[in-house]
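Enquirer: Can you keep this structure in mind? I'll have questions shortly.
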Amino acid sequence: MDIGVLFGVLFVLLALSVPIGISLGVATAVTIFTFSHLPLVLIAQNAFTGMDSFPLLAIPFFMLAGSLMTYGGISRRIVAMAECLVGFITGGLAMVTIVACMFFGAISGSAAATVSAIGSFMVPMMVEKKYNPAFAAAVISSAGTIGCIIPPSIPFVVYGVITGTSVSDLFIAGIVPGIVIGIALMVVAFFISKKEQYPRMSSFPTFKMVLKVFGESIWALLVPVIVLGGIYGGIFTPTEAAVVATVYALVVGKFIYKELTYEITLKAFKDAIMVIGATLFMVGLATSFASYLSMERVPVRVGSFILGFAHSKFLVLLLINAVLLIIGCFVDNISSTIILTPIFLPIVTALGMDPIQFGMIISIGLAIGFSTPPYGCNLFISSTISKVSVEKISSRLVPFILAMICCQLLFTYFPWFSLFLLNK
């Protein structure tokens, strides 16, 4: 009964468009007040404790770094490099958008930041070249998802903090799945572009042209090298890497590309602060929600139900994936990770799955929800940029979402994709 009220209140509030953080806090408070003798002050205590974490500091710094890179010209130069690499393929603008999202994802760690940074000039460019506006929005919405899969990934940081898993190992494990999803989206975009006769963006590049664009983009392309190389080389932790990325973005945007004026820098900080505030508020109350689940032994009860319902490993994993896809449609990735990880991790580890692999599965499964109604933040950002309704974009998103679901099942049943680089 208590669990029915807990999730019932949560989904009613979400349906009424109440912010996720407030919905989580109110649902927890109502359930504790109605069914438990626990003091309500536990909600505030757990929320504060949940945010009092050094690894979680990586989240605001990666978000700030992404904002500074967007305003400082780094994202535009990443697009130029992507154009040089794949712009000559049929549907070149769509291809460039996806590759640029892969590059930018290796910088920001955020899906929303990737859609905003790359989509703000790629979607208008596609529309200008006679691409269907809904298709253009669908491409950036789905490709932006890669931003939270290719390292550094904010959801990986959250998962690592919750489970005690090495964030660095999660980052390494995310490289191959991120690339595979990018390639899958490019294949879908290619066949759609071929069918609808979308043009190439540019001719096949000469070696001289590649060198020229590479030289102009080198400072932007060095960001993932410095951040990921520093982490994997043991020079700094993921949190310190986020700080390094922020300082690097500020220095490059101000003194090398000279696009970060005082006013623009202030705007970048303001934009980042608004997102950071909302995100950390949500993380804190999601931690309180998850703490109540643990105290009431909900993970054990749910695990017993699933294992009793599905008797084979194949069916259990399929059921978990279905739940992730459904929950991702309604609840934010970070909140869902905090709530669902304690429930599902004991189940999959009992089945012999590595916690690193499950980190990929839960992050990718929930990330698909970024592009699905009614919650999908990528969907709404791309709708705002393209000025196309969510309904029209959603219909064009179907083949891209199916491709991501196929990739998700591939990563679920074949651990090699997640663990290959760790086992070398």
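Just so we're on the same page: first chain in the structure tokens is A, next is B, and so on; residues restart at 1 for each chain, and ligands are numbered from 1 in the order they show up.
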Please provide as a ChimeraX atom specification all residues within 12 Å of Ser288 in chain A, with the sequence filter that same-chain residues fewer than 4 positions apart are discarded (counting only C-alpha atoms).
Expert: /A:21-29,32,40-51,281-284,292-295,335,338-339
Enquirer: Might you pull out every residue within 6 Å of range 61-77 of chain A, with only C-alpha atoms counted and same-chain residues fewer than 4 positions away left off, and present them as number ranges by chain?
Expert: A: 108, 117, 217, 220, 242-243, 245-246, 249, 253, 259-260, 268, 272
Enquirer: Give me the residues within 7 Å of range 193-202 of chain A as JSON, numbers by chain, counting only C-alpha atoms and dropping any in the same chain fewer than 2 places off.
Expert: {"A": [87, 88, 89, 90, 91, 92, 93, 131, 189, 190, 191, 204]}
Enquirer: Using only C-alpha atoms, pick whichever of A:Phe255, A:Val115, A:Ile343, A:Ser386 has the shortest atom-to-atom distance to Val298 in chain A.
Expert: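 Closest to Val298 in chain A, using only C-alpha atoms: A:Ile343.
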Enquirer: Neighbouring residues of Ile405 in chain A were defined as those with any atom within 9 Å, considering only C-alpha atoms; residues of the same chain fewer than 4 positions away were excluded. Please report them as a PyMOL selection string.
Expert: chain A and resi 325+365+368+400-401+409-410
Enquirer: Between A:Ile181, A:Ala322, A:Ala137, A:Val223, which one has atoms that come closest to Leu366 in chain A, using only C-alpha atoms?
Expert: A:Ala322
Enquirer: Using only C-alpha atoms, can you tell me which of A:Leu211, A:Val30, A:Val187, A:Leu324 comes closest to Val9 in chain A?
Expert: A:Val30
Enquirer: From the list A:Ile3, A:Val213, A:Ile98, A:Val348, which residue is nearest Met81 in chain A when using only C-alpha atoms?
Expert: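 For Met81 in chain A, the nearest of the candidates is A:Val213.
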